[in-house]
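File shown here: data10.cif, holding mmCIF, C-alpha atoms.
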data_model
loop_
_atom_site.label_atom_id
_atom_site.label_comp_id
_atom_site.auth_asym_id
_atom_site.auth_seq_id
_atom_site.Cartn_x
_atom_site.Cartn_y
_atom_site.Cartn_z
CA MET A 5 89.02 33.67 95.77
CA LEU A 6 91.81 32.10 93.76
CA ILE A 7 95.36 33.03 94.78
CA GLU A 8 98.05 31.89 92.33
CA ILE A 9 101.79 31.73 92.94
CA PHE A 10 103.97 31.73 89.82
CA GLY A 11 107.45 30.34 90.25
CA THR A 12 109.68 27.41 89.52
CA GLY A 13 110.84 26.54 93.01
CA CYS A 14 113.49 29.07 93.96
CA ALA A 15 113.73 30.05 97.63
CA LYS A 16 111.74 33.24 97.09
CA CYS A 17 108.87 31.36 95.49
CA GLN A 18 108.56 29.22 98.59
CA THR A 19 108.55 32.26 100.86
CA LEU A 20 105.85 33.84 98.71
CA GLU A 21 103.73 30.71 98.93
CA LYS A 22 104.06 30.73 102.72
CA HIS A 23 103.04 34.40 102.90
CA ALA A 24 100.08 33.76 100.62
CA ARG A 25 98.87 30.83 102.73
CA HIS A 26 99.13 32.91 105.92
CA ALA A 27 97.21 35.73 104.28
CA ALA A 28 94.54 33.33 103.00
CA ASP A 29 94.14 31.88 106.52
CA GLN A 30 93.89 35.31 108.09
CA ALA A 31 91.35 36.50 105.55
CA GLY A 32 89.24 33.46 106.39
CA GLY A 33 86.71 31.67 104.28
CA GLY A 34 87.27 29.74 101.09
CA HIS A 35 90.44 31.16 99.56
CA GLN A 36 92.39 28.73 97.50
CA VAL A 37 96.19 28.95 97.06
CA VAL A 38 97.51 27.32 93.89
CA LYS A 39 101.08 27.03 92.66
CA VAL A 40 101.82 27.45 88.95
CA SER A 41 105.27 26.16 88.03
CA ASP A 42 104.74 25.26 84.38
CA TYR A 43 106.70 27.63 82.09
CA PRO A 44 104.10 27.88 79.28
CA ALA A 45 101.37 28.64 81.84
CA ILE A 46 103.52 31.30 83.54
CA VAL A 47 104.35 32.95 80.22
CA ALA A 48 100.74 32.89 78.97
CA ARG A 49 99.75 34.92 82.01
CA GLY A 50 102.12 37.70 81.07
CA VAL A 51 104.50 37.13 83.99
CA LEU A 52 108.02 38.39 83.20
CA SER A 53 109.79 37.83 86.51
CA THR A 54 109.18 35.22 89.14
CA PRO A 55 108.04 34.84 91.83
CA ALA A 56 104.74 36.46 90.90
CA LEU A 57 101.37 36.58 92.61
CA ALA A 58 97.91 36.75 91.10
CA VAL A 59 94.73 37.31 93.09
CA ASP A 60 91.39 36.64 91.44
CA GLY A 61 93.00 36.26 88.03
CA LYS A 62 94.93 39.52 88.13
CA VAL A 63 98.74 39.55 88.47
CA ARG A 64 99.44 41.91 91.37
CA SER A 65 103.18 41.56 92.03
CA GLN A 66 106.22 40.32 90.10
CA GLY A 67 109.83 39.58 91.00
CA ARG A 68 109.42 40.25 94.70
CA VAL A 69 107.85 38.81 97.83
CA PRO A 70 105.02 40.97 99.16
CA SER A 71 104.37 40.83 102.91
CA VAL A 72 101.43 38.94 104.42
CA ASP A 73 99.72 42.27 105.11
CA GLU A 74 100.12 43.39 101.54
CA ILE A 75 98.64 40.16 100.23
CA LEU A 76 95.75 40.57 102.67
CA GLY A 77 95.21 43.96 101.10
CA PHE A 78 95.03 42.35 97.64
CA ILE A 79 92.53 39.75 98.86
CA ARG A 80 90.26 42.27 100.54
CA GLY A 81 90.53 44.40 97.41
CA MET B 14 123.31 36.40 89.81
CA THR B 15 122.87 34.41 92.96
CA GLU B 16 121.13 37.34 94.57
CA CYS B 17 118.10 35.80 92.98
CA CYS B 18 115.06 37.88 92.12
CA PRO B 19 115.90 41.19 93.77
CA PRO B 20 112.83 43.17 94.66
CA GLU B 21 112.03 44.93 91.45
CA ALA B 22 108.62 46.26 91.77
CA PRO B 23 106.96 48.23 94.41
CA PRO B 24 104.53 47.29 97.11
CA ALA B 25 101.46 49.26 97.89
CA ALA B 26 102.42 49.17 101.56
CA ALA B 27 99.65 47.90 103.78
CA VAL B 28 100.54 50.44 106.47
CA PRO B 29 101.24 53.72 104.70
CA ARG B 30 104.53 55.22 105.84
CA THR B 31 105.53 58.73 105.00
CA ALA B 32 108.64 59.42 102.97
CA TRP B 33 109.96 62.01 105.42
CA ARG B 34 109.85 59.58 108.31
CA ARG B 35 111.89 57.12 106.23
CA GLY B 36 114.26 59.90 105.32
CA ALA B 37 114.68 61.02 108.93
CA TRP B 38 115.80 57.50 109.76
CA LEU B 39 118.14 57.25 106.78
CA LEU B 40 119.83 60.65 106.97
CA PRO B 41 121.95 60.06 110.12
CA ALA B 42 122.96 56.68 108.68
CA LEU B 43 125.03 58.37 105.95
CA PRO B 44 127.51 60.36 108.14
CA LEU B 45 127.80 57.33 110.41
CA TRP B 46 128.70 55.25 107.37
CA PHE B 47 131.48 57.67 106.37
CA LEU B 48 132.79 57.82 109.93
CA VAL B 49 133.13 54.04 110.19
CA TYR B 50 134.62 53.87 106.68
CA SER B 51 137.31 56.44 107.47
CA VAL B 52 138.70 54.57 110.48
CA LEU B 53 138.90 51.16 108.75
CA GLN B 54 142.50 51.36 107.58
CA PRO B 55 144.07 52.29 110.94
CA ALA B 56 141.76 49.87 112.76
CA ALA B 57 142.79 46.98 110.49
CA GLY B 58 146.49 47.74 110.96
CA TYR B 59 146.04 47.93 114.72
CA LEU B 60 144.15 44.64 114.80
CA ALA B 61 146.61 42.73 112.61
CA HIS B 62 149.91 44.19 113.79
CA ARG B 63 149.32 45.16 117.43
CA LEU B 64 146.59 42.91 118.78
CA LEU B 65 147.54 39.78 116.85
CA GLY B 66 151.23 40.69 116.87
CA LEU B 67 151.74 39.86 113.16
CA GLN B 68 154.65 41.86 111.78
CA PRO B 69 154.01 44.14 108.81
CA GLY B 70 156.04 43.00 105.82
CA THR B 71 155.67 39.31 106.64
CA ARG B 72 153.41 37.17 104.48
CA LEU B 73 150.93 36.33 107.22
CA GLY B 74 150.96 39.91 108.50
CA ASP B 75 150.20 41.34 105.04
CA ALA B 76 147.49 38.77 104.33
CA ALA B 77 145.82 39.42 107.70
CA ALA B 78 145.94 43.21 107.31
CA PHE B 79 144.44 42.88 103.81
CA PHE B 80 141.63 40.71 105.18
CA PHE B 81 140.80 42.89 108.20
CA TYR B 82 140.76 46.01 106.05
CA ASP B 83 139.00 44.59 103.02
CA ALA B 84 136.23 42.62 104.71
CA PRO B 85 134.52 45.55 106.46
CA LYS B 86 135.37 47.90 103.60
CA VAL B 87 133.76 45.75 100.92
CA LEU B 88 130.72 45.02 103.09
CA LEU B 89 130.21 48.72 103.85
CA LEU B 90 130.53 49.65 100.19
CA LEU B 91 128.16 46.85 99.28
CA VAL B 92 125.45 48.15 101.62
CA LEU B 93 125.63 51.62 100.08
CA VAL B 94 125.83 50.38 96.49
CA VAL B 95 122.97 47.90 96.86
CA PHE B 96 120.79 50.56 98.46
CA LEU B 97 121.32 53.01 95.60
CA VAL B 98 121.01 50.37 92.90
CA THR B 99 117.81 48.81 94.26
CA PHE B 100 116.32 52.27 94.64
CA LEU B 101 117.09 53.07 90.99
CA GLN B 102 115.76 49.70 89.91
CA THR B 103 112.30 50.46 91.25
CA PHE B 104 112.05 52.79 88.24
CA VAL B 105 112.98 50.16 85.61
CA SER B 106 110.79 47.07 85.57
CA PRO B 107 111.28 44.34 82.94
CA ALA B 108 107.78 45.15 81.69
CA ARG B 109 108.78 48.74 80.91
CA VAL B 110 111.95 47.62 79.17
CA ARG B 111 109.96 45.19 77.10
CA GLY B 112 107.61 47.96 76.05
CA ALA B 113 110.56 50.06 74.93
CA LEU B 114 112.10 47.21 72.94
CA SER B 115 109.02 45.79 71.32
CA ARG B 116 109.24 45.72 67.51
CA ARG B 117 112.55 47.58 67.45
CA ARG B 118 114.75 46.88 64.48
CA SER B 119 118.17 45.33 65.00
CA GLY B 120 120.92 47.85 65.52
CA LEU B 121 119.11 50.48 67.58
CA GLY B 122 117.15 47.72 69.34
CA ASN B 123 120.36 45.89 70.25
CA ALA B 124 121.95 49.05 71.56
CA LEU B 125 118.92 49.91 73.72
CA ALA B 126 118.65 46.33 75.00
CA SER B 127 122.33 46.28 75.99
CA LEU B 128 121.99 49.59 77.86
CA PHE B 129 118.81 48.52 79.64
CA GLY B 130 120.58 45.32 80.61
CA ILE B 131 122.91 47.29 82.89
CA ILE B 132 120.26 48.42 85.32
CA THR B 133 117.30 46.07 84.87
CA PRO B 134 116.87 43.73 87.80
CA PHE B 135 117.48 40.23 86.54
CA CYS B 136 118.07 36.84 88.03
CA SER B 137 118.75 33.58 86.33
CA CYS B 138 115.61 31.99 87.80
CA SER B 139 113.53 34.46 85.80
CA ALA B 140 115.53 34.03 82.60
CA VAL B 141 112.98 31.76 80.89
CA PRO B 142 109.78 33.76 81.54
CA LEU B 143 111.65 36.92 80.61
CA PHE B 144 113.05 35.44 77.39
CA LEU B 145 109.64 34.18 76.28
CA GLY B 146 107.82 37.29 77.46
CA PHE B 147 110.11 39.45 75.33
CA LEU B 148 109.67 37.29 72.23
CA ARG B 149 105.89 37.18 72.67
CA ALA B 150 105.72 40.95 72.79
CA GLY B 151 107.49 41.16 69.43
CA VAL B 152 111.02 41.88 70.63
CA PRO B 153 113.26 40.35 67.91
CA LEU B 154 115.36 37.32 68.91
CA GLY B 155 118.67 39.14 68.37
CA VAL B 156 117.55 42.10 70.49
CA THR B 157 116.37 39.71 73.22
CA PHE B 158 119.81 38.10 73.15
CA SER B 159 121.51 41.46 73.58
CA PHE B 160 119.46 41.95 76.72
CA LEU B 161 120.09 38.41 77.92
CA VAL B 162 123.85 38.90 77.56
CA ALA B 163 123.99 42.38 79.08
CA ALA B 164 121.76 41.72 82.09
CA PRO B 165 123.99 39.21 83.89
CA MET B 166 127.32 40.35 82.42
CA ILE B 167 127.04 43.97 83.50
CA ASN B 168 126.01 43.33 87.04
CA GLU B 169 124.78 46.62 88.49
CA VAL B 170 126.13 45.84 91.95
CA ALA B 171 129.55 44.88 90.55
CA LEU B 172 129.55 48.10 88.53
CA GLY B 173 128.89 50.20 91.62
CA MET B 174 131.53 48.30 93.57
CA LEU B 175 134.11 48.76 90.79
CA PHE B 176 133.41 52.46 90.83
CA ALA B 177 133.77 52.62 94.61
CA MET B 178 136.94 50.50 94.74
CA PHE B 179 138.84 51.40 91.56
CA GLY B 180 137.37 54.66 90.32
CA TRP B 181 135.24 55.69 87.37
CA ARG B 182 137.71 54.73 84.64
CA ILE B 183 137.63 51.01 85.35
CA ALA B 184 133.89 51.08 86.06
CA LEU B 185 133.25 52.77 82.72
CA LEU B 186 135.57 50.33 80.96
CA TYR B 187 133.65 47.40 82.41
CA ALA B 188 130.23 48.83 81.52
CA GLY B 189 131.36 49.98 78.07
CA THR B 190 132.92 46.70 77.05
CA GLY B 191 129.97 44.75 78.49
CA VAL B 192 127.56 46.82 76.41
CA ALA B 193 129.76 46.33 73.33
CA ILE B 194 129.83 42.54 73.78
CA ALA B 195 126.06 42.38 74.35
CA PHE B 196 125.40 44.62 71.34
CA LEU B 197 127.61 42.62 68.97
CA SER B 198 126.55 39.18 70.25
CA GLY B 199 122.88 40.07 69.79
CA LEU B 200 123.55 41.49 66.34
CA VAL B 201 125.42 38.35 65.25
CA LEU B 202 122.88 35.97 66.79
CA GLY B 203 120.05 37.93 65.17
CA ARG B 204 121.67 37.64 61.74
CA LEU B 205 122.01 33.88 62.12
CA HIS B 206 118.17 33.56 62.20
CA MET B 207 118.07 30.75 64.68
CA GLU B 208 114.38 30.99 65.58
CA SER B 209 113.89 27.39 64.48
CA HIS B 210 116.41 26.27 67.10
CA LEU B 211 114.10 27.13 69.95
CA GLU B 212 112.50 24.11 71.60
CA ASP B 213 109.09 23.00 70.25
CA TRP B 214 107.19 23.89 73.40
CA VAL B 215 108.63 27.40 73.14
CA GLN B 216 107.32 27.83 69.60
CA GLU B 217 103.90 26.70 70.83
CA ALA B 218 104.02 28.99 73.86
CA LEU B 219 104.84 31.92 71.58
CA ARG B 220 101.65 31.32 69.61
CA ALA B 221 99.37 30.65 72.58
CA PRO B 222 96.84 33.38 73.38
CA ALA B 223 97.38 35.54 76.46
CA VAL B 224 95.06 35.04 79.42
CA GLY B 225 94.29 37.13 82.50
CA GLU B 226 95.50 40.63 83.16
CA VAL B 227 98.60 42.17 84.67
CA GLU B 228 98.46 45.18 86.91
CA GLU B 229 101.34 47.61 86.63
CA GLU B 230 102.65 48.55 90.04
CA ARG B 231 103.29 52.21 90.80
CA PRO B 232 105.08 52.76 94.10
CA GLY B 233 105.47 56.05 95.92
CA LEU B 234 108.78 57.40 97.25
CA SER B 235 108.49 55.84 100.70
CA GLU B 236 107.70 52.48 99.12
CA ARG B 237 110.74 52.78 96.87
CA LEU B 238 112.91 53.49 99.93
CA ASP B 239 111.39 50.51 101.70
CA LEU B 240 112.15 48.34 98.69
CA ALA B 241 115.73 49.57 98.66
CA LEU B 242 116.10 48.67 102.35
CA ASP B 243 114.56 45.25 101.66
CA GLY B 244 117.09 44.85 98.87
CA VAL B 245 119.99 45.61 101.22
CA ARG B 246 118.72 43.13 103.82
CA ASP B 247 118.10 40.52 101.21
CA ILE B 248 121.19 40.84 99.00
CA VAL B 249 123.78 41.63 101.65
CA GLY B 250 122.29 38.88 103.83
CA LYS B 251 122.76 36.43 101.00
CA VAL B 252 126.13 37.39 99.50
CA TRP B 253 128.27 38.09 102.58
CA PRO B 254 129.67 34.52 102.72
CA TYR B 255 130.74 34.83 99.05
CA ILE B 256 132.42 38.11 99.85
CA LEU B 257 134.30 36.79 102.86
CA ALA B 258 135.41 33.79 100.78
CA GLY B 259 136.47 36.12 97.97
CA ILE B 260 138.42 38.31 100.37
CA ALA B 261 140.10 35.29 101.94
CA VAL B 262 141.25 34.16 98.48
CA GLY B 263 142.29 37.74 97.74
CA ALA B 264 144.24 37.88 101.00
CA LEU B 265 146.05 34.63 100.14
CA ILE B 266 146.97 35.99 96.71
CA HIS B 267 148.03 39.23 98.34
CA GLY B 268 150.25 37.60 100.96
CA TYR B 269 151.48 34.39 99.36
CA VAL B 270 151.39 34.37 95.55
CA PRO B 271 154.69 35.72 94.23
CA GLN B 272 154.37 38.76 91.99
CA ARG B 273 156.44 37.11 89.28
CA PHE B 274 154.09 34.13 89.04
CA LEU B 275 150.87 36.06 88.41
CA ALA B 276 152.43 38.76 86.30
CA GLY B 277 153.92 35.92 84.27
CA LEU B 278 150.64 34.04 83.88
CA LEU B 279 148.24 36.95 83.43
CA GLY B 280 150.63 39.64 82.24
CA ARG B 281 149.90 41.45 79.00
CA GLN B 282 152.95 40.24 77.14
CA HIS B 283 151.64 36.67 76.82
CA TRP B 284 149.11 35.73 74.15
CA TYR B 285 147.69 32.99 76.37
CA SER B 286 146.89 35.18 79.37
CA VAL B 287 143.38 36.09 78.13
CA PRO B 288 142.21 32.55 77.21
CA VAL B 289 143.65 31.28 80.50
CA ALA B 290 141.64 33.92 82.37
CA VAL B 291 138.43 32.98 80.54
CA LEU B 292 138.94 29.23 80.91
CA VAL B 293 139.53 29.59 84.64
CA GLY B 294 136.63 32.03 84.98
CA VAL B 295 133.77 30.16 83.26
CA PRO B 296 133.44 27.15 85.59
CA LEU B 297 134.03 29.34 88.65
CA TYR B 298 130.66 30.28 89.98
CA SER B 299 130.87 33.25 92.23
CA ASN B 300 128.79 36.13 93.21
CA ALA B 301 129.52 39.34 91.34
CA ALA B 302 130.43 41.08 94.60
CA GLY B 303 132.54 38.16 95.81
CA ILE B 304 134.79 38.32 92.76
CA LEU B 305 135.89 41.91 93.37
CA PRO B 306 138.37 41.32 96.20
CA ILE B 307 140.01 38.70 93.96
CA VAL B 308 140.15 41.21 91.12
CA GLU B 309 141.68 43.73 93.51
CA ALA B 310 144.41 41.32 94.55
CA LEU B 311 145.11 40.20 90.95
CA LEU B 312 145.57 43.77 89.74
CA GLY B 313 147.76 44.55 92.73
CA LYS B 314 150.01 41.64 91.80
CA GLY B 315 150.63 42.80 88.27
CA ALA B 316 147.96 40.95 86.29
CA ALA B 317 147.06 42.85 83.11
CA LEU B 318 143.80 44.83 83.15
CA GLY B 319 142.44 43.18 79.99
CA SER B 320 143.04 39.68 81.30
CA THR B 321 141.51 40.61 84.66
CA LEU B 322 138.41 42.11 83.04
CA ALA B 323 138.05 39.00 80.89
CA PHE B 324 138.34 36.84 83.99
CA MET B 325 135.67 38.83 85.80
CA MET B 326 133.26 38.81 82.87
CA ALA B 327 133.71 35.09 82.36
CA VAL B 328 132.90 34.43 86.02
CA ILE B 329 129.76 36.54 86.26
CA GLY B 330 128.60 36.78 82.63
CA LEU B 331 128.85 33.16 81.55
CA SER B 332 127.58 31.06 84.37
CA LEU B 333 126.84 27.38 84.22
CA PRO B 334 123.54 27.57 86.16
CA GLU B 335 122.14 30.13 83.75
CA THR B 336 123.22 28.08 80.76
CA ILE B 337 121.43 25.05 82.20
CA ILE B 338 118.26 27.09 82.70
CA LEU B 339 118.42 28.47 79.15
CA ARG B 340 118.88 24.95 77.78
CA ARG B 341 115.19 24.46 78.62
CA VAL B 342 114.23 26.84 75.82
CA MET B 343 117.08 26.47 73.33
CA ARG B 344 118.17 23.48 71.31
CA PRO B 345 121.84 22.47 71.71
CA ARG B 346 123.01 24.24 68.56
CA LEU B 347 121.56 27.54 69.67
CA ILE B 348 122.91 27.31 73.20
CA VAL B 349 126.40 26.40 71.96
CA THR B 350 126.30 29.30 69.50
CA PHE B 351 125.13 31.64 72.25
CA VAL B 352 127.89 30.66 74.69
CA SER B 353 130.59 30.72 71.97
CA VAL B 354 129.62 34.16 70.68
CA VAL B 355 129.71 35.62 74.20
CA ALA B 356 133.00 33.89 75.08
CA LEU B 357 134.50 35.20 71.85
CA GLY B 358 133.39 38.71 72.75
CA ILE B 359 135.05 38.43 76.16
CA LEU B 360 138.29 37.23 74.56
CA LEU B 361 138.28 40.18 72.16
CA VAL B 362 137.79 42.62 75.03
CA GLY B 363 140.67 41.06 76.94
CA TYR B 364 143.04 41.30 73.96
CA LEU B 365 141.90 44.80 73.11
CA PHE B 366 142.63 46.19 76.56
CA ASN B 367 145.88 44.35 76.95
CA ALA B 368 146.93 45.87 73.65
CA ILE B 369 145.93 49.48 74.22
CA LEU B 370 146.45 50.05 77.93
#
If you took the structure in this file and wrote it as C-alpha cells, what would it be?
Amino acid sequence: MLIEIFGTGCAKCQTLEKHARHAADQAGGGHQVVKVSDYPAIVARGVLSTPALAVDGKVRSQGRVPSVDEILGFIRG
Amino acid sequence: MTECCPPEAPPAAAVPRTAWRRGAWLLPALPLWFLVYSVLQPAAGYLAHRLLGLQPGTRLGDAAAFFFYDAPKVLLLLVLVVFLVTFLQTFVSPARVRGALSRRRSGLGNALASLFGIITPFCSCSAVPLFLGFLRAGVPLGVTFSFLVAAPMINEVALGMLFAMFGWRIALLYAGTGVAIAFLSGLVLGRLHMESHLEDWVQEALRAPAVGEVEEERPGLSERLDLALDGVRDIVGKVWPYILAGIAVGALIHGYVPQRFLAGLLGRQHWYSVPVAVLVGVPLYSNAAGILPIVEALLGKGAALGSTLAFMMAVIGLSLPETIILRRVMRPRLIVTFVSVVALGILLVGYLFNAIL
C-alpha cells in the first residue's frame, strides 16, 4: 500500500514521517512510505494544511500528526 | 504563528475512549487551576521580598516581583486558553471555511473571511497550500487575502490571553480592529486585480486537474477533548521559552525603564508614536503569547493604547518568515502591495485609537 506524507519540511512533517514508517513496519509486508514536498503536487491532491497523510490514494488526516496506532488503523482499513 | 500546525482535525482514536472518562479526569483540574491561580500574587511577593530579601519599591525588587507573579500567571492562563481554543478549533477546519467562502462576492466574502480568520487554525508553514487551495475552489483573490491577513493577525490564543489579562474591552478592540484591517486590505487588494502577479507555477497549479480524494474527518467529543489536550501539550511545550523571555523583557521595562521615557516615546500626543511602534514591531519575531507580558508592561508605563495595539499587530500580524513563504507564490509587486496595505491598516488603527481613547 502506498503511504504518502505531504509537507515541506517543518518539524511536524518529520514526526509524521517517523510515525508513518513505524506504522508501515508494524503492519508488515510491502508498504511504501513516500514524501511529497512539491507545492503543486500537494495542492493538486486537495491538501489545505500540512502535514497531511494519504493512505492508498486517500487523504486521511490534515494539519496534525496522527499516532502510530491511528495510522495502523488507516493501513488496515 | 510559531506554534506551527496546531492539531486542527480530529483523529479516529485507535483505542476508543469514552467522553465521560475524559471529563472525569478534566473536572477536578479546573478547581485546582483556580486554587493555584488565586495564591500567585501573595506567593510571588513572598518569594521576591521575603525569601530573596529584595525590598519592595526598589527597581530590582519590583522587577523580580513582576517576574515571579507574571511567569506562572501567564503560563496558567495560556494552558486554559489553549485548551478552550483548540477544542473550538476542532469544529472549524480550513476545508469547511473554504466551502463557506467559495464563489462569494467581495464585500460579504471579505467580511466572512476576516471573521473566520479569527478562529481557523493556521500556521505559516501551511500558508501556500491554503492560499492555492482557496483560489482553486473559486474563492476570489481579494477574499483569500482577507483570510490571509486575519488568520495570523488575530491570533486566537493572543485574543484569549488579552481577554484574560486585560478584560473584554481590549480583547474586543483587538479582534474588531483586526477584522476591520483584514476586511479593508482584502477589499483593496481585490480591486487592484493582481491575479497576473502570481508566480507562473501558481497559475499552472490553479489550472491543473485535481487527483485523488480527501476524506473529511468527523471526530467525536472524546476525540475533540483529546485533541485539545494534545494542543496544550504541543503549544505550551513550544511557546514557554518565548513567554519567559517576554516576561523578562516586561519585568525589565517594569522595573528599569522610566515612565517619562516610554510615555514620551509611545504616548498619544506624539504623531510619531504609531509609526515608531510599527517599525519596531515588524522585524521583531515573537510568539503571540510571548508579546503579551511586554504589552502589559508598556501599558503600565503609560504607552498609549493605540500605539501599543499597533505594536502588537505589527509583531504578530506582519512577520518576516510568513512574508518569505508567501514570496514563493507572489511576484515582488504583489508581495510589496500586500505588506504595505496591511501596514497601512495597522497605522490607521493606531492613530484612530490614540485619537478617540
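Remark: for chain B, the closest of the candidate residues A:Gln30, A:Gln18, A:Thr12, A:Ser41 is A:Thr12 (distances computed over only C-alpha atoms).
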* Apply the PyMOL selection byres ((chain A) within 12 of (chain B)) to the structure shown and report the selected residues as a ChimeraX atom specification. => /A:8,10-17,41-81
* Structure fact -> Expressed in Å, the length from atom CA of Val201 of chain B to atom CA of Gly155 of chain B is 7.5 Å
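Take atom CA of Val170 of chain B and atom CA of Ala241 of chain B: the distance between them is 12.9 Å.
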* Show which residues sit within 10 Å of Lys86 of chain B, as a VMD selection string. Count all atoms listed in the file, and ignore same-chain residues fewer than 2 positions away. => chain B and resid 49 to 51 53 to 54 80 to 84 88 to 91 178
* To do: Measure the distance from atom CA of Ala27 of chain A to atom CA of Trp38 of chain B in Å and round it to one decimal.
  => 29.1 Å
* With a distance cut-off of 9 Å and all atoms listed in the file, select the neighbouring residues of Ser159 of chain B, excluding the residue or stretch itself and same-chain residues fewer than 2 positions from it, and output the selection as number ranges by chain. => B: 122-127, 130, 154-157, 161-164, 192, 194-200, 202
